[in-house]
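Q: Quick one: the structure is below, and I'll ask about it shortly.
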Amino acid sequence: QVQLAESGGGVVQAGGSLRLSCVASGRTFSPYHTAWFRQAPGKEREFVAAISRSSMTFYADSVKGRFTISRDNAKNTQYLQMNSLKPEDTAVYYCAQSRSIYGSGDSLRLDSKYNYWGQGTQVTVSS
């Protein structure tokens, strides 16, 4: 059974930083695609960042230049380094892994690409 467990969320002031982690069990991250999504209260879940099986990275325009996605396949762990946080980054952040090794580019921005999800970790940015 595949399980993804996020950690690292919390409360931070605007301009601060947080690093989220996601550990997988039951299945290795490699050779699949993985991503981070987020959902703010009253809003739909949205794409944040993805890293492909070939280690290409993709970002939402709203986080580009501030967030960095990375993955340590040896530790079966994915990270999201978040810098220069803004109040609008407040959301529950979810880790996701694709079922298939296929797909690339813009398809990795779609939540339908991912079949395995963590429970989420809350990030709150105060102004």
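Following the order of the structure tokens, chains are lettered A, B, ..., residues in each are numbered from 1, and ligands are numbered from 1.
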With the cut-off set at 9 Å and counting only C-alpha atoms, tabulate each residue of stretch 38-122 of chain A with an atom at most that distance from an atom of stretch 13-32 of chain A, showing the nearest atom pair and its distance in Å to one decimal, ordered by chain and increasing number, as CSV.
A:
```
residue,atom,partner,partner_atom,distance
A:Ser52,CA,A:Tyr32,CA,7.1
A:Arg53,CA,A:Tyr32,CA,5.2
A:Ser54,CA,A:Pro31,CA,8.1
A:Arg71,CA,A:Phe29,CA,8.4
A:Asp72,CA,A:Phe29,CA,8.7
A:Asn73,CA,A:Ser30,CA,6.1
A:Ala74,CA,A:Thr28,CA,9.0
A:Lys75,CA,A:Val23,CA,7.9
A:Asn76,CA,A:Phe29,CA,5.8
A:Thr77,CA,A:Val23,CA,4.5
A:Gln78,CA,A:Cys22,CA,5.0
A:Tyr79,CA,A:Ser21,CA,4.5
A:Leu80,CA,A:Leu20,CA,5.0
A:Gln81,CA,A:Arg19,CA,4.4
A:Met82,CA,A:Leu18,CA,5.3
A:Asn83,CA,A:Ser17,CA,4.4
A:Ser84,CA,A:Gly15,CA,4.2
A:Leu85,CA,A:Gly15,CA,4.9
A:Lys86,CA,A:Ala14,CA,5.0
A:Pro87,CA,A:Ala14,CA,6.3
A:Tyr93,CA,A:Leu20,CA,8.6
A:Tyr94,CA,A:Cys22,CA,8.8
A:Cys95,CA,A:Cys22,CA,6.3
A:Ala96,CA,A:Cys22,CA,8.9
A:Gln97,CA,A:Tyr32,CA,6.8
A:Ser98,CA,A:Tyr32,CA,5.9
A:Arg99,CA,A:Tyr32,CA,7.2
A:Ser100,CA,A:Tyr32,CA,6.5
A:Ile101,CA,A:Tyr32,CA,4.9
A:Tyr102,CA,A:Tyr32,CA,8.2
A:Gly118,CA,A:Cys22,CA,8.1
A:Thr121,CA,A:Leu20,CA,8.3
```
Q: What would the file look like if the residues just selected were written as a compact mmCIF listing (two decimals), in the first residue's frame with N, CA and C atoms?
A:
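See result-v8.txt below for the written result:
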```
# COMPACT_ATOMS: atom_id res chain seq x y z
N SER A 52 9.72 15.69 -12.68
CA SER A 52 9.47 14.52 -13.52
C SER A 52 10.45 13.39 -13.20
N ARG A 53 10.21 12.24 -13.79
CA ARG A 53 11.09 11.09 -13.57
C ARG A 53 12.49 11.37 -14.10
N SER A 54 12.62 12.32 -15.02
CA SER A 54 13.93 12.72 -15.53
C SER A 54 14.47 13.96 -14.82
N ARG A 71 14.04 16.23 -4.92
CA ARG A 71 13.72 14.88 -4.52
C ARG A 71 15.00 14.12 -4.26
N ASP A 72 15.01 13.34 -3.19
CA ASP A 72 16.13 12.48 -2.86
C ASP A 72 15.63 11.05 -3.00
N ASN A 73 15.92 10.44 -4.13
CA ASN A 73 15.39 9.10 -4.38
C ASN A 73 15.95 8.06 -3.41
N ALA A 74 17.18 8.27 -2.96
CA ALA A 74 17.77 7.32 -2.03
C ALA A 74 17.01 7.31 -0.70
N LYS A 75 16.47 8.47 -0.33
CA LYS A 75 15.71 8.57 0.91
C LYS A 75 14.20 8.46 0.68
N ASN A 76 13.84 8.33 -0.58
CA ASN A 76 12.41 8.27 -0.93
C ASN A 76 11.65 9.46 -0.37
N THR A 77 12.26 10.62 -0.49
CA THR A 77 11.72 11.85 0.10
C THR A 77 11.70 12.97 -0.93
N GLN A 78 10.63 13.72 -0.91
CA GLN A 78 10.47 14.89 -1.77
C GLN A 78 10.41 16.12 -0.87
N TYR A 79 10.91 17.24 -1.38
CA TYR A 79 10.96 18.48 -0.59
C TYR A 79 10.33 19.62 -1.39
N LEU A 80 9.88 20.60 -0.64
CA LEU A 80 9.46 21.87 -1.24
C LEU A 80 10.03 22.98 -0.36
N GLN A 81 11.06 23.64 -0.85
CA GLN A 81 11.63 24.78 -0.15
C GLN A 81 10.84 26.02 -0.54
N MET A 82 10.28 26.69 0.44
CA MET A 82 9.43 27.85 0.18
C MET A 82 10.06 29.08 0.82
N ASN A 83 10.44 30.03 0.01
CA ASN A 83 11.05 31.27 0.48
C ASN A 83 10.15 32.45 0.13
N SER A 84 10.41 33.56 0.78
CA SER A 84 9.65 34.79 0.52
C SER A 84 8.15 34.53 0.56
N LEU A 85 7.72 33.85 1.58
CA LEU A 85 6.31 33.45 1.67
C LEU A 85 5.40 34.66 1.79
N LYS A 86 4.22 34.51 1.20
CA LYS A 86 3.21 35.56 1.19
C LYS A 86 1.94 35.03 1.84
N PRO A 87 1.09 35.91 2.36
CA PRO A 87 -0.17 35.45 2.96
C PRO A 87 -0.99 34.60 1.99
N TYR A 93 -0.94 21.91 1.99
CA TYR A 93 -0.07 21.46 0.91
C TYR A 93 -0.06 19.93 0.86
N TYR A 94 -0.23 19.41 -0.35
CA TYR A 94 -0.31 17.97 -0.56
C TYR A 94 0.82 17.48 -1.45
N CYS A 95 1.35 16.35 -1.08
CA CYS A 95 2.34 15.64 -1.87
C CYS A 95 1.61 14.62 -2.75
N ALA A 96 2.09 14.43 -3.97
CA ALA A 96 1.41 13.50 -4.88
C ALA A 96 2.42 12.74 -5.72
N GLN A 97 2.03 11.52 -6.10
CA GLN A 97 2.88 10.68 -6.93
C GLN A 97 2.04 10.08 -8.05
N SER A 98 2.62 10.04 -9.23
CA SER A 98 1.89 9.47 -10.36
C SER A 98 1.88 7.95 -10.30
N ARG A 99 0.84 7.36 -10.90
CA ARG A 99 0.80 5.92 -11.01
C ARG A 99 1.68 5.45 -12.15
N SER A 100 1.71 6.24 -13.22
CA SER A 100 2.41 5.85 -14.44
C SER A 100 3.74 6.59 -14.57
N ILE A 101 4.65 5.98 -15.28
CA ILE A 101 5.92 6.64 -15.57
C ILE A 101 5.82 7.51 -16.82
N TYR A 102 4.68 7.44 -17.49
CA TYR A 102 4.53 8.18 -18.74
C TYR A 102 4.03 9.59 -18.49
N GLY A 118 -0.86 12.45 -0.22
CA GLY A 118 -0.70 12.48 1.22
C GLY A 118 -1.90 13.14 1.88
N THR A 121 -0.31 19.03 4.78
CA THR A 121 0.27 19.75 5.90
C THR A 121 -0.10 21.22 5.77
```
Q: Taking 5 positions as the minimum chain separation for residues in the same chain, which residues sit within 8 Å of A:Gly10 when counting only C-alpha atoms? Answer as a PyMOL selection string.
A: chain A and resi 18+122-124
Q: Keeping only C-alpha atoms, write those residues as a PDB file, in the first residue's frame.
A:
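The new file out.pdb reads:
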```pdb
ATOM      1  CA  LEU A  18       9.561  26.823   5.328  1.00  0.00           C
ATOM      2  CA  GLN A 122      -1.025  23.202   6.835  1.00  0.00           C
ATOM      3  CA  VAL A 123       1.017  26.267   5.932  1.00  0.00           C
ATOM      4  CA  THR A 124      -0.145  29.580   7.361  1.00  0.00           C
TER       5      THR A 124
END
```
Q: Using only C-alpha atoms, which residue out of A:Leu4, A:Asp89, A:Pro41, A:Gly120 lies closest to A:Ser62?
A: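 With only C-alpha atoms as the atom set, the closest residue is A:Asp89.
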Q: Looking at only C-alpha atoms, which of A:Ser126, A:Arg109, A:Gly65, A:Val11 is the one that sits closest to A:Ala49?
A: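 The closest residue to A:Ala49 is A:Arg109.
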Q: Name the residues of chain A that come out as strand (DSSP E) in a backbone DSSP run; write them as an MDAnalysis selection string.
A: chainID A and resid 3:7 10:13 18:25 34:39 46:51 57:59 67:72 77:82 91:98 114:117 121:126
Q: In Å to one decimal, how far is atom CA of A:Asp106 from atom CA of A:Gly8?
A: 27.3 Å
Q: So, with only C-alpha atoms as the atoms that count, which of A:Val125, A:Leu108, A:Ala91, A:Val63 lies closest to A:Ala50?
A: A:Leu108
Q: Between A:Ala40, A:Ser70, A:Gly9, A:Phe58, which one has atoms that come closest to A:Gly105, using only C-alpha atoms?
A: A:Phe58
Q: My list of candidates is A:Val12, A:Val92, A:Met56, A:Ile69. Which is closest to A:Phe37 when distances are computed with only C-alpha atoms?
A: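 Of the candidates, the smallest distance to A:Phe37 is held by A:Val92.
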Q: For a quick check of understanding, using only C-alpha atoms, which of A:Gln119, A:Thr68, A:Ser55, A:Thr90 has the smallest distance to A:Ser104?
A: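 The closest residue to A:Ser104 is A:Ser55.
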Q: For a test of reading the model, state the distance in Å between atom CA of A:Val48 and atom CA of A:Ser112, rounded to one decimal.
A: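 Going from atom CA of A:Val48 over to atom CA of A:Ser112 covers 14.2 Å.
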